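Shown below: input_23.cif, with mmCIF, C-alpha atoms.
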data_query
#
loop_
_atom_site.label_atom_id
_atom_site.label_comp_id
_atom_site.auth_asym_id
_atom_site.auth_seq_id
_atom_site.Cartn_x
_atom_site.Cartn_y
_atom_site.Cartn_z
CA MET A 1 -36.46 -29.93 22.40
CA GLN A 2 -34.68 -33.08 23.54
CA LEU A 3 -36.37 -36.39 22.79
CA LYS A 4 -35.65 -40.11 22.86
CA ILE A 5 -36.51 -42.05 19.71
CA GLU A 6 -38.76 -45.00 20.53
CA SER A 7 -39.40 -46.63 17.14
CA LEU A 8 -39.38 -46.26 13.36
CA ALA A 9 -42.53 -45.33 11.44
CA TYR A 10 -43.59 -46.82 8.14
CA GLY A 11 -42.34 -44.03 5.89
CA GLY A 12 -38.89 -43.89 7.46
CA ASP A 13 -39.03 -41.35 10.29
CA GLY A 14 -38.04 -42.02 13.88
CA VAL A 15 -40.87 -41.65 16.39
CA ALA A 16 -40.63 -39.90 19.77
CA ARG A 17 -43.14 -38.61 22.28
CA THR A 18 -43.05 -35.40 24.28
CA PRO A 19 -43.81 -35.38 28.02
CA GLU A 20 -47.21 -33.95 27.05
CA GLY A 21 -47.94 -37.01 24.88
CA GLN A 22 -47.49 -35.45 21.44
CA THR A 23 -46.06 -37.82 18.80
CA VAL A 24 -43.08 -36.36 16.95
CA PHE A 25 -41.70 -37.71 13.67
CA ILE A 26 -37.99 -37.02 13.04
CA PRO A 27 -36.15 -38.18 9.89
CA ASP A 28 -32.64 -39.70 10.09
CA THR A 29 -33.05 -40.94 13.65
CA CYS A 30 -32.73 -44.43 15.09
CA PRO A 31 -34.55 -46.17 17.96
CA GLY A 32 -32.53 -45.51 21.11
CA ASP A 33 -31.15 -42.15 19.94
CA VAL A 34 -31.44 -39.17 22.26
CA VAL A 35 -31.68 -36.13 19.99
CA GLU A 36 -32.19 -32.41 19.84
CA ALA A 37 -34.90 -31.56 17.32
CA THR A 38 -36.71 -28.47 16.05
CA VAL A 39 -40.41 -28.63 15.18
CA VAL A 40 -41.11 -27.65 11.57
CA GLN A 41 -44.79 -28.62 11.43
CA ASP A 42 -47.17 -28.81 14.39
CA ARG A 43 -50.51 -30.56 13.89
CA GLY A 44 -51.63 -30.78 17.50
CA ARG A 45 -51.60 -34.51 18.26
CA TRP A 46 -48.47 -34.96 16.18
CA ALA A 47 -45.61 -32.91 14.82
CA LYS A 48 -42.83 -33.14 12.26
CA ALA A 49 -39.37 -32.12 13.45
CA ARG A 50 -35.89 -31.63 12.03
CA LEU A 51 -32.91 -33.33 13.63
CA THR A 52 -30.45 -30.71 14.89
CA SER A 53 -28.04 -32.88 16.88
CA ILE A 54 -27.55 -36.33 18.35
CA VAL A 55 -27.06 -36.09 22.11
CA GLU A 56 -26.61 -39.83 22.62
CA ALA A 57 -26.35 -42.31 19.74
CA SER A 58 -28.30 -45.55 19.80
CA PRO A 59 -26.36 -48.84 19.84
CA ASP A 60 -28.29 -49.61 16.62
CA ARG A 61 -27.01 -46.50 14.83
CA VAL A 62 -24.46 -47.22 12.06
CA SER A 63 -22.61 -45.06 9.54
CA PRO A 64 -24.40 -44.82 6.16
CA SER A 65 -22.38 -46.37 3.34
CA CYS A 66 -23.69 -44.14 0.53
CA PRO A 67 -22.40 -40.55 0.02
CA TYR A 68 -25.84 -39.53 -1.29
CA PHE A 69 -27.71 -40.72 1.80
CA GLY A 70 -29.77 -37.87 3.22
CA GLU A 71 -30.27 -36.26 -0.21
CA CYS A 72 -31.38 -39.22 -2.35
CA GLY A 73 -34.90 -40.42 -1.68
CA GLY A 74 -34.12 -44.06 -2.46
CA CYS A 75 -32.99 -45.09 1.05
CA GLN A 76 -34.25 -44.00 4.47
CA TRP A 77 -32.56 -46.40 6.90
CA GLN A 78 -28.88 -46.73 6.00
CA HIS A 79 -28.09 -45.31 9.45
CA VAL A 80 -29.99 -48.15 11.19
CA ALA A 81 -28.49 -51.58 11.90
CA TYR A 82 -30.07 -54.28 9.74
CA THR A 83 -31.44 -56.30 12.68
CA ALA A 84 -33.25 -53.18 13.86
CA GLN A 85 -34.63 -52.62 10.35
CA LEU A 86 -36.15 -56.11 10.38
CA LYS A 87 -37.77 -55.51 13.77
CA ALA A 88 -39.16 -52.19 12.57
CA LYS A 89 -40.70 -53.76 9.47
CA ARG A 90 -42.46 -56.44 11.51
CA GLN A 91 -43.68 -53.73 13.87
CA ALA A 92 -44.99 -51.65 10.95
CA VAL A 93 -47.11 -54.58 9.77
CA MET A 94 -48.35 -55.20 13.32
CA ASP A 95 -49.18 -51.53 13.87
CA ALA A 96 -51.18 -51.28 10.63
CA LEU A 97 -53.14 -54.47 11.30
CA GLY A 98 -53.89 -53.35 14.83
CA ARG A 99 -54.72 -49.72 14.11
CA ILE A 100 -56.61 -50.13 10.83
CA GLY A 101 -57.75 -53.75 10.95
CA GLY A 102 -58.49 -53.88 14.68
CA LEU A 103 -56.60 -57.19 15.02
CA ASP A 104 -54.57 -58.69 17.87
CA THR A 105 -51.33 -58.96 15.95
CA GLU A 106 -48.58 -60.22 18.28
CA ALA A 107 -49.46 -63.86 17.65
CA LEU A 108 -50.38 -63.33 13.98
CA VAL A 109 -47.25 -61.64 12.61
CA GLU A 110 -44.13 -63.79 12.29
CA PRO A 111 -40.54 -62.46 12.34
CA CYS A 112 -39.49 -60.67 9.16
CA ILE A 113 -37.64 -62.87 6.66
CA SER A 114 -34.31 -61.21 5.91
CA SER A 115 -32.79 -60.34 2.55
CA GLU A 116 -29.90 -62.40 1.23
CA ARG A 117 -27.86 -59.18 1.03
CA GLU A 118 -28.13 -55.80 2.76
CA TYR A 119 -26.51 -53.95 -0.18
CA GLY A 120 -26.01 -54.88 -3.82
CA TYR A 121 -29.34 -56.70 -3.97
CA ARG A 122 -31.23 -54.77 -6.63
CA ASN A 123 -31.54 -56.09 -10.19
CA LYS A 124 -33.13 -52.82 -11.34
CA ILE A 125 -33.01 -49.09 -10.76
CA GLU A 126 -34.72 -46.22 -12.57
CA LEU A 127 -33.02 -42.89 -13.21
CA ARG A 128 -35.26 -39.87 -13.75
CA ALA A 129 -34.68 -36.97 -16.12
CA ASP A 130 -36.13 -33.47 -16.10
CA ASP A 131 -36.51 -30.70 -18.66
CA THR A 132 -32.87 -29.68 -18.44
CA GLY A 133 -31.77 -32.85 -20.22
CA PRO A 134 -29.72 -36.03 -19.67
CA ALA A 135 -27.08 -34.20 -17.58
CA THR A 136 -29.59 -34.18 -14.68
CA LEU A 137 -30.34 -37.90 -14.96
CA GLY A 138 -30.42 -39.34 -11.44
CA MET A 139 -32.48 -40.39 -8.44
CA THR A 140 -35.46 -38.54 -7.01
CA ALA A 141 -34.48 -36.45 -3.99
CA ARG A 142 -36.23 -36.69 -0.65
CA ASP A 143 -38.46 -33.74 -1.53
CA GLY A 144 -40.01 -35.88 -4.30
CA ARG A 145 -39.31 -33.25 -6.97
CA THR A 146 -35.59 -32.50 -7.29
CA ILE A 147 -33.29 -34.92 -9.13
CA ILE A 148 -29.95 -35.90 -7.59
CA PRO A 149 -27.36 -36.82 -10.27
CA ILE A 150 -25.53 -39.84 -8.85
CA ASP A 151 -22.39 -41.60 -10.02
CA ARG A 152 -22.96 -44.86 -8.14
CA CYS A 153 -25.79 -46.76 -6.47
CA LEU A 154 -24.74 -49.16 -3.71
CA LEU A 155 -28.00 -51.07 -3.97
CA LEU A 156 -26.84 -52.39 -7.36
CA PRO A 157 -24.40 -55.31 -7.54
CA LYS A 158 -20.85 -54.04 -6.95
CA LYS A 159 -19.68 -54.62 -10.53
CA HIS A 160 -22.59 -52.52 -11.85
CA ALA A 161 -22.73 -49.85 -9.13
CA GLY A 162 -21.11 -47.24 -11.42
CA ALA A 163 -23.67 -47.69 -14.20
CA PRO A 164 -25.59 -44.44 -13.45
CA ARG A 165 -22.54 -42.29 -14.26
CA LYS A 166 -21.83 -44.24 -17.46
CA ILE A 167 -25.44 -43.99 -18.66
CA ARG A 168 -25.65 -40.26 -17.88
CA GLY A 169 -22.48 -39.62 -19.86
CA ALA A 170 -23.64 -41.75 -22.77
CA LEU A 171 -27.02 -40.02 -23.04
CA LYS A 172 -25.45 -36.57 -22.74
CA PHE A 173 -23.25 -37.45 -25.73
CA VAL A 174 -26.22 -38.85 -27.70
CA ALA A 175 -28.41 -35.83 -27.02
CA GLY A 176 -25.93 -33.13 -27.98
CA ASP A 177 -28.06 -30.02 -28.45
CA GLN A 178 -31.33 -31.84 -29.17
CA ASP A 179 -34.20 -32.72 -26.85
CA LEU A 180 -34.60 -36.51 -26.62
CA GLY A 181 -37.95 -36.24 -24.84
CA LEU A 182 -36.34 -38.31 -22.07
CA LYS A 183 -38.49 -39.24 -19.05
CA ARG A 184 -36.49 -41.96 -17.32
CA VAL A 185 -34.00 -44.75 -17.93
CA GLY A 186 -34.51 -48.23 -16.51
CA LEU A 187 -31.44 -50.40 -15.92
CA ARG A 188 -31.79 -54.14 -15.28
CA PHE A 189 -28.92 -56.44 -14.32
CA ALA A 190 -29.66 -60.17 -14.10
CA GLU A 191 -28.11 -61.83 -11.08
CA ARG A 192 -28.12 -65.34 -12.54
CA ARG A 193 -27.61 -64.62 -16.21
CA SER A 194 -25.50 -62.23 -18.28
CA ASP A 195 -28.51 -60.13 -19.36
CA ILE A 196 -28.29 -56.34 -19.02
CA GLU A 197 -31.11 -54.15 -20.31
CA ILE A 198 -31.34 -50.42 -20.88
CA ALA A 199 -34.89 -49.10 -21.29
CA ILE A 200 -35.13 -45.48 -22.43
CA TRP A 201 -38.55 -44.00 -21.64
CA THR A 202 -39.34 -41.02 -23.91
CA THR A 203 -42.21 -39.09 -25.42
CA PRO A 204 -42.91 -39.79 -29.13
CA GLY A 205 -40.76 -37.84 -31.55
CA PRO A 206 -37.45 -37.89 -33.43
CA PHE A 207 -34.74 -39.98 -31.81
CA PRO A 208 -31.15 -40.77 -32.90
CA ARG A 209 -31.61 -44.54 -32.86
CA SER A 210 -28.32 -45.67 -34.38
CA LEU A 211 -26.13 -43.39 -32.30
CA ALA A 212 -28.06 -44.19 -29.11
CA THR A 213 -27.89 -47.92 -29.73
CA LYS A 214 -24.11 -48.01 -30.21
CA THR A 215 -23.30 -45.55 -27.43
CA LEU A 216 -25.55 -47.13 -24.82
CA THR A 217 -24.63 -50.71 -25.69
CA ASP A 218 -20.95 -49.88 -25.36
CA SER A 219 -21.42 -47.98 -22.09
CA ILE A 220 -22.37 -50.99 -19.93
CA GLN A 221 -22.23 -53.91 -22.43
CA ALA A 222 -26.00 -54.12 -22.61
CA THR A 223 -27.56 -57.22 -24.16
CA SER A 224 -30.84 -55.40 -24.86
CA VAL A 225 -31.66 -51.76 -25.53
CA VAL A 226 -35.27 -50.63 -25.97
CA ARG A 227 -37.06 -47.35 -26.29
CA VAL A 228 -40.43 -47.14 -24.53
CA LEU A 229 -42.70 -44.43 -25.95
CA THR A 230 -45.21 -43.03 -23.47
CA LYS A 231 -48.16 -40.66 -23.60
CA GLY A 232 -50.03 -38.74 -20.93
CA PRO A 233 -48.94 -38.00 -17.36
CA ASP A 234 -45.55 -39.44 -16.43
CA LYS A 235 -46.89 -41.34 -13.40
CA ALA A 236 -49.54 -43.08 -15.50
CA ARG A 237 -46.88 -44.80 -17.65
CA ARG A 238 -49.21 -45.24 -20.60
CA VAL A 239 -47.08 -47.15 -23.09
CA SER A 240 -47.91 -46.51 -26.74
CA LYS A 241 -45.04 -48.46 -28.31
CA VAL A 242 -41.82 -50.32 -27.52
CA GLU A 243 -39.00 -50.05 -30.05
CA VAL A 244 -36.24 -52.66 -29.91
CA LEU A 245 -32.97 -50.87 -30.64
CA ALA A 246 -30.59 -53.76 -29.91
CA GLY A 247 -30.79 -57.37 -28.76
CA LYS A 248 -33.96 -59.39 -28.23
CA GLY A 249 -35.92 -56.59 -26.61
CA SER A 250 -36.43 -58.36 -23.31
CA TRP A 251 -34.47 -59.15 -20.17
CA ARG A 252 -34.13 -62.64 -18.72
CA GLU A 253 -33.52 -63.84 -15.20
CA ARG A 254 -33.79 -67.15 -13.35
CA LEU A 255 -36.30 -67.25 -10.52
CA SER A 256 -37.54 -70.28 -8.56
CA GLY A 257 -36.02 -72.67 -11.10
CA PHE A 258 -37.44 -70.98 -14.21
CA THR A 259 -35.86 -68.64 -16.76
CA MET A 260 -38.28 -65.73 -17.15
CA GLY A 261 -38.34 -63.20 -19.97
CA ILE A 262 -39.42 -59.73 -18.87
CA SER A 263 -40.18 -56.87 -21.26
CA ALA A 264 -39.34 -53.29 -20.23
CA PRO A 265 -42.89 -52.24 -19.19
CA SER A 266 -43.44 -55.45 -17.15
CA PHE A 267 -42.95 -55.66 -13.40
CA PHE A 268 -40.39 -58.00 -11.84
CA GLN A 269 -39.32 -58.13 -8.19
CA VAL A 270 -36.10 -56.12 -7.79
CA ASN A 271 -34.45 -58.51 -5.32
CA THR A 272 -34.06 -61.83 -7.13
CA ALA A 273 -32.68 -63.96 -4.29
CA THR A 274 -35.19 -62.79 -1.69
CA ALA A 275 -38.04 -62.92 -4.22
CA GLU A 276 -37.50 -66.68 -4.21
CA LYS A 277 -38.11 -66.63 -0.46
CA LEU A 278 -41.29 -64.64 -1.09
CA VAL A 279 -42.50 -67.16 -3.69
CA SER A 280 -41.74 -70.20 -1.54
CA THR A 281 -43.39 -68.59 1.51
CA ALA A 282 -46.54 -67.80 -0.48
CA LEU A 283 -46.70 -71.21 -2.19
CA ASP A 284 -46.15 -73.10 1.06
CA ALA A 285 -48.88 -71.03 2.69
CA LEU A 286 -51.33 -71.61 -0.17
CA ASP A 287 -50.49 -75.34 -0.25
CA PRO A 288 -52.38 -76.20 -3.46
CA SER A 289 -52.88 -79.83 -4.42
CA GLU A 290 -52.60 -81.27 -7.92
CA ASP A 291 -56.39 -81.38 -8.25
CA ASP A 292 -57.13 -77.91 -6.87
CA VAL A 293 -58.54 -75.20 -9.10
CA VAL A 294 -56.24 -72.25 -8.39
CA LEU A 295 -56.55 -68.55 -9.20
CA ASP A 296 -53.51 -66.25 -9.50
CA CYS A 297 -54.90 -62.72 -9.46
CA TYR A 298 -52.67 -59.83 -10.64
CA SER A 299 -50.27 -62.44 -11.97
CA GLY A 300 -47.81 -60.18 -13.79
CA ALA A 301 -45.30 -62.06 -15.93
CA GLY A 302 -45.61 -65.21 -13.83
CA THR A 303 -43.63 -64.80 -10.60
CA PHE A 304 -46.13 -67.07 -8.81
CA THR A 305 -47.98 -68.53 -11.81
CA LEU A 306 -45.15 -70.79 -12.96
CA LYS A 307 -44.77 -72.44 -9.56
CA LEU A 308 -48.55 -72.77 -9.24
CA ALA A 309 -48.80 -74.39 -12.68
CA GLU A 310 -46.02 -76.77 -11.67
CA ARG A 311 -48.05 -77.95 -8.66
CA SER A 312 -51.66 -77.78 -9.92
CA ASP A 313 -53.26 -78.89 -13.16
CA ASP A 314 -55.92 -76.17 -13.28
CA VAL A 315 -54.55 -72.64 -12.85
CA VAL A 316 -56.22 -69.42 -13.97
CA ALA A 317 -54.15 -66.21 -14.14
CA ILE A 318 -55.59 -62.68 -14.43
CA GLU A 319 -53.45 -59.72 -15.49
CA ALA A 320 -54.31 -56.29 -16.91
CA SER A 321 -50.96 -55.30 -18.46
CA SER A 322 -50.72 -56.35 -22.10
CA ALA A 323 -46.91 -56.48 -21.89
CA ALA A 324 -47.04 -58.74 -18.82
CA ILE A 325 -49.63 -61.00 -20.47
CA GLN A 326 -47.34 -61.56 -23.45
CA ASP A 327 -44.43 -62.25 -21.09
CA LEU A 328 -46.52 -64.66 -19.00
CA ARG A 329 -47.68 -66.68 -22.01
CA ARG A 330 -44.14 -66.91 -23.35
CA ASN A 331 -42.77 -67.89 -19.93
CA LEU A 332 -45.38 -70.63 -19.51
CA GLU A 333 -44.64 -71.98 -22.98
CA ASN A 334 -40.87 -71.97 -22.41
CA ALA A 335 -41.36 -73.81 -19.11
CA GLY A 336 -43.64 -76.42 -20.71
CA LEU A 337 -46.48 -75.46 -18.36
CA HIS A 338 -50.12 -74.49 -18.84
CA ALA A 339 -52.40 -71.93 -17.24
CA ASP A 340 -55.50 -70.18 -18.53
CA VAL A 341 -54.42 -66.56 -18.96
CA ILE A 342 -57.14 -63.91 -18.83
CA GLY A 343 -56.28 -60.38 -19.90
CA GLY A 344 -58.24 -57.66 -18.17
CA ASP A 345 -58.92 -55.78 -14.99
CA ALA A 346 -59.50 -58.08 -12.02
CA THR A 347 -62.50 -56.09 -10.81
CA ARG A 348 -64.25 -56.68 -14.13
CA GLU A 349 -63.09 -60.23 -14.84
CA LEU A 350 -63.48 -61.90 -11.44
CA PRO A 351 -67.28 -62.08 -11.11
CA GLY A 352 -67.71 -64.42 -14.09
CA LEU A 353 -64.99 -66.95 -13.28
CA GLY A 354 -66.88 -69.26 -10.93
CA GLU A 355 -65.42 -71.04 -7.91
CA PHE A 356 -61.84 -71.84 -6.90
CA ASP A 357 -60.21 -74.04 -4.26
CA ARG A 358 -57.23 -71.77 -3.63
CA ILE A 359 -56.58 -68.11 -4.50
CA LEU A 360 -53.33 -66.17 -4.55
CA VAL A 361 -53.66 -62.41 -4.96
CA ASP A 362 -50.79 -59.94 -5.40
CA PRO A 363 -52.44 -56.54 -5.96
CA PRO A 364 -50.78 -53.17 -6.56
CA ARG A 365 -49.98 -50.85 -3.66
CA ALA A 366 -53.56 -49.53 -3.62
CA GLY A 367 -54.82 -53.00 -2.66
CA LEU A 368 -58.11 -54.54 -3.75
CA THR A 369 -61.13 -52.60 -4.92
CA PRO A 370 -64.32 -53.31 -2.91
CA GLU A 371 -65.81 -55.03 -5.97
CA ALA A 372 -62.75 -57.25 -6.50
CA LEU A 373 -62.69 -58.17 -2.84
CA ILE A 374 -66.34 -59.24 -2.83
CA ALA A 375 -65.80 -61.24 -6.03
CA LEU A 376 -62.78 -63.01 -4.51
CA ALA A 377 -64.73 -63.91 -1.38
CA SER A 378 -67.63 -65.15 -3.52
CA ALA A 379 -65.34 -67.59 -5.34
CA GLY A 380 -65.57 -69.88 -2.35
CA ALA A 381 -61.87 -70.73 -1.89
CA SER A 382 -60.97 -72.42 1.36
CA ARG A 383 -57.82 -70.29 1.54
CA ILE A 384 -56.70 -66.94 0.13
CA VAL A 385 -53.04 -65.92 0.26
CA TYR A 386 -52.61 -62.18 -0.08
CA VAL A 387 -49.15 -60.84 -1.06
CA SER A 388 -49.00 -57.18 -0.08
CA CYS A 389 -46.48 -54.39 -0.59
CA ASP A 390 -48.30 -51.94 1.71
CA PRO A 391 -49.24 -52.69 5.34
CA ALA A 392 -52.03 -50.11 5.41
CA THR A 393 -53.97 -51.47 2.43
CA LEU A 394 -53.37 -55.02 3.66
CA ALA A 395 -54.91 -54.06 7.02
CA ARG A 396 -57.88 -52.40 5.32
CA ASP A 397 -58.51 -55.42 3.09
CA ALA A 398 -58.03 -57.82 6.03
CA GLY A 399 -60.96 -56.16 7.77
CA ALA A 400 -63.07 -56.37 4.62
CA LEU A 401 -62.20 -60.05 4.07
CA ASP A 402 -63.09 -60.78 7.70
CA ALA A 403 -66.53 -59.29 7.06
CA GLN A 404 -66.83 -61.69 4.09
CA GLY A 405 -66.06 -64.74 6.22
CA TYR A 406 -62.26 -65.01 5.90
CA THR A 407 -60.11 -65.05 9.03
CA LEU A 408 -56.53 -63.83 8.98
CA THR A 409 -54.48 -66.68 10.46
CA ARG A 410 -50.88 -65.50 9.96
CA VAL A 411 -48.72 -62.88 8.29
CA THR A 412 -45.07 -63.26 7.26
CA PRO A 413 -43.17 -60.05 6.44
CA VAL A 414 -40.42 -60.47 3.83
CA ASP A 415 -37.67 -57.87 3.39
CA LEU A 416 -37.05 -57.35 -0.31
CA PHE A 417 -35.86 -53.76 0.24
CA PRO A 418 -33.06 -53.38 2.84
CA GLN A 419 -32.09 -49.81 3.77
CA THR A 420 -35.67 -48.67 3.08
CA TYR A 421 -38.91 -48.79 5.06
CA HIS A 422 -40.70 -50.86 2.39
CA VAL A 423 -41.78 -54.41 3.23
CA GLU A 424 -43.67 -57.22 1.52
CA SER A 425 -46.09 -59.40 3.49
CA VAL A 426 -47.61 -62.82 2.88
CA ALA A 427 -50.98 -62.96 4.62
CA VAL A 428 -53.03 -66.16 4.97
CA PHE A 429 -56.83 -66.01 5.13
CA ASP A 430 -58.86 -69.12 5.87
CA ARG A 431 -62.56 -69.42 5.21
CA SER A 432 -64.51 -69.49 8.46
#
Final structure tokens representation of the file:
Amino acid sequence: MQLKIESLAYGGDGVARTPEGQTVFIPDTCPGDVVEATVVQDRGRWAKARLTSIVEASPDRVSPSCPYFGECGGCQWQHVAYTAQLKAKRQAVMDALGRIGGLDTEALVEPCISSEREYGYRNKIELRADDTGPATLGMTARDGRTIIPIDRCLLLPKKHAGAPRKIRGALKFVAGDQDLGLKRVGLRFAERRSDIEIAIWTTPGPFPRSLATKTLTDSIQATSVVRVLTKGPDKARRVSKVEVLAGKGSWRERLSGFTMGISAPSFFQVNTATAEKLVSTALDALDPSEDDVVLDCYSGAGTFTLKLAERSDDVVAIEASSAAIQDLRRNLENAGLHADVIGGDATRELPGLGEFDRILVDPPRAGLTPEALIALASAGASRIVYVSCDPATLARDAGALDAQGYTLTRVTPVDLFPQTYHVESVAVFDRS
């Protein structure tokens, strides 16, 4: 059938509607395209289709820069002009808040803050391995299962774009005929320092440490090489031990005026320059005073905590990851700042912490648990700033916070992930 693409869905697909009113999702299409498509899955009110030809290209359609686009699952929108990507991300936030949260969003959601760069912005990528060994090391394909061996990644800085090929060759040499128990390899490249880290994620077992250290260090001039030993399901990422093979065992980058040390299991925003925009947007929205008692919930290694501790004398940070807690304490000490750091799950720790004047919360993609949400609302803060990486869970939690007496007053999308559908949001909730 022939359809005109009206918009982009959160998830990456173009969205069209048939004359009968059925919504059709078509990958690799752009708003304004007129396309021929074949239905591959019909669910009644909606269908999934495969693009067969472009009858008329949208003015916003561009040529993808990456030769792996269409196979690799890392990018979904390289064929869409960047201005159209920004509009689509704002619309995705608006749609979720309207559909799930029941909110009038046009006045609430501000224009999406753009990334400093459209390509070459990532300070980290992860390459996956499968049972066939290091030769298959690469990116996850669009099907979510297959691995695409890649030689270059254009989302990395230009001088490091060829690192995937170098690392794959190095690990193939190290492995020889033996099984390294390899799960993935994390590569981090500091934008504002010379730090380069290789993190090899493996199952416990024998490992050629000396050979791996020399070969990997030489391959991309790494300043730190670590081996992260994991147990259990791969997605759970249960870390049992971190072995430092070379260097200091951590990666350092400058963010918002601070030099932060990040260990391999710890989270750090992948787009350094635009992460600073995210931090300043969140801090300006929270607007804490020197005398405010401030809570930073799901603090990680201190992305927001350091700036909060710089502005307020009484900051409490909660974080569940033991690696991130160690990083946070070290980063506070190196910055000459103080915050009370509480290790533990937010759902369990929040109820006993008392009241706060301001709260910043940056939960995982799943959002807040009902118990954590009630505990946050019970803390009595006049303002809660919610940093979200998923519009749907933000919309769900916005409705729950509204029921607890907190009104959503504005949302600012921030694009940390050009060429993908992912978007961060800074949402401001004021106590009614």
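For A:Asn334, the residues within 12 Å (counting all atoms listed in the file, excluding itself and residues fewer than 4 positions away along the chain) are Phe258, Thr259, Met260, Gly261, Gly302, Leu306, Asp327, Leu328, Arg329, Arg330 and His338 of chain A.
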Would you write out those residues with C-alpha atoms, as a compact mmCIF listing (two decimals), in the coordinates of the input?
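To be explicit, this is the file written out as out24.txt:
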# COMPACT_ATOMS: atom_id res chain seq x y z
CA PHE A 258 -37.44 -70.98 -14.21
CA THR A 259 -35.86 -68.64 -16.76
CA MET A 260 -38.28 -65.73 -17.15
CA GLY A 261 -38.34 -63.20 -19.97
CA GLY A 302 -45.61 -65.21 -13.83
CA LEU A 306 -45.15 -70.79 -12.96
CA ASP A 327 -44.43 -62.25 -21.09
CA LEU A 328 -46.52 -64.66 -19.00
CA ARG A 329 -47.68 -66.68 -22.01
CA ARG A 330 -44.14 -66.91 -23.35
CA HIS A 338 -50.12 -74.49 -18.84
*For A:Glu371, list every protein, DNA or RNA residue within 10 Å, evaluated using all atoms listed in the file, and leave out those in the same chain fewer than 3 positions away; present the list as a list in words.*
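Contacts, with the query itself left out: Ala346, Thr347, Arg348, Leu350, Pro351, Leu368, Ile374, Ala375 and Leu376 of chain A.
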_Coordinates-based distance that separates atom CA of A:Lys183 from atom CA of A:Leu245 (Å, one decimal)_ =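 Taking atom CA of A:Leu245 as the start and atom CA of A:Lys183 as the end point, the length is 17.3 Å.
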*Using the chain letters and residue numbers of this document, give as an MDAnalysis selection string the residues selected by the PyMOL selection byres ((chain A and resi 139) around 12).*
chainID A and resid 68:69 71:75 125:130 136:138 140:153 164:165 168 184:186
Would you write out, as a compact mmCIF listing (two decimals) with C-alpha atoms, in the frame of the given file, every residue that the PyMOL selection byres ((chain A and resi 256) around 12) captures in this file?
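Result went into part21.txt, see below:
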# COMPACT_ATOMS: atom_id res chain seq x y z
CA ARG A 192 -28.12 -65.34 -12.54
CA GLU A 253 -33.52 -63.84 -15.20
CA ARG A 254 -33.79 -67.15 -13.35
CA LEU A 255 -36.30 -67.25 -10.52
CA GLY A 257 -36.02 -72.67 -11.10
CA PHE A 258 -37.44 -70.98 -14.21
CA THR A 259 -35.86 -68.64 -16.76
CA MET A 260 -38.28 -65.73 -17.15
CA THR A 272 -34.06 -61.83 -7.13
CA ALA A 273 -32.68 -63.96 -4.29
CA THR A 274 -35.19 -62.79 -1.69
CA ALA A 275 -38.04 -62.92 -4.22
CA GLU A 276 -37.50 -66.68 -4.21
CA LYS A 277 -38.11 -66.63 -0.46
CA LEU A 278 -41.29 -64.64 -1.09
CA VAL A 279 -42.50 -67.16 -3.69
CA SER A 280 -41.74 -70.20 -1.54
CA THR A 281 -43.39 -68.59 1.51
CA LEU A 283 -46.70 -71.21 -2.19
CA GLY A 302 -45.61 -65.21 -13.83
CA THR A 303 -43.63 -64.80 -10.60
CA PHE A 304 -46.13 -67.07 -8.81
CA THR A 305 -47.98 -68.53 -11.81
CA LEU A 306 -45.15 -70.79 -12.96
CA LYS A 307 -44.77 -72.44 -9.56
CA LEU A 308 -48.55 -72.77 -9.24
CA GLU A 310 -46.02 -76.77 -11.67
CA ALA A 335 -41.36 -73.81 -19.11
*Evaluate the PyMOL selection byres ((chain A and resi 22-29) around 6) and record the selected residues as a ChimeraX atom specification, following the chain and residue labels used in the document.*
/A:13-18,20-21,30,45-50
*Hey, what's within 8 Å of A:Ala379 if we count all atoms listed in the file and toss same-chain stuff fewer than 4 positions away? As a ChimeraX atom specification, please?*
/A:353-356,375
*asked:* My list of candidates is A:Val428, A:Leu416, A:Ala403, A:Ile54. Which is closest to A:Gly101 when distances are computed with only C-alpha atoms?
replied: A:Ala403
*asked:* Rounded to one decimal, what separation in Å do you get between atom CA of A:Leu154 and atom CA of A:Arg61?
replied: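 That distance, rounded to one decimal, is 18.9 Å.
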_List as a PyMOL selection string the protein and nucleic acid residues near A:Gly232, meaning an atom at most 12 Å away when only C-alpha atoms are counted, but skip any in the same chain fewer than 5 places from it._
chain A and resi 183+202-204+237-240
Suppose we keep C-alpha atoms; can you now write the selection as a short mmCIF file (atom, residue, chain, number, x, y, z; two decimals), keeping the file's coordinate frame?
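Here's the written file result-v3.cif:
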data_model
loop_
_atom_site.label_atom_id
_atom_site.label_comp_id
_atom_site.auth_asym_id
_atom_site.auth_seq_id
_atom_site.Cartn_x
_atom_site.Cartn_y
_atom_site.Cartn_z
CA LYS A 183 -38.49 -39.24 -19.05
CA THR A 202 -39.34 -41.02 -23.91
CA THR A 203 -42.21 -39.09 -25.42
CA PRO A 204 -42.91 -39.79 -29.13
CA ARG A 237 -46.88 -44.80 -17.65
CA ARG A 238 -49.21 -45.24 -20.60
CA VAL A 239 -47.08 -47.15 -23.09
CA SER A 240 -47.91 -46.51 -26.74
#
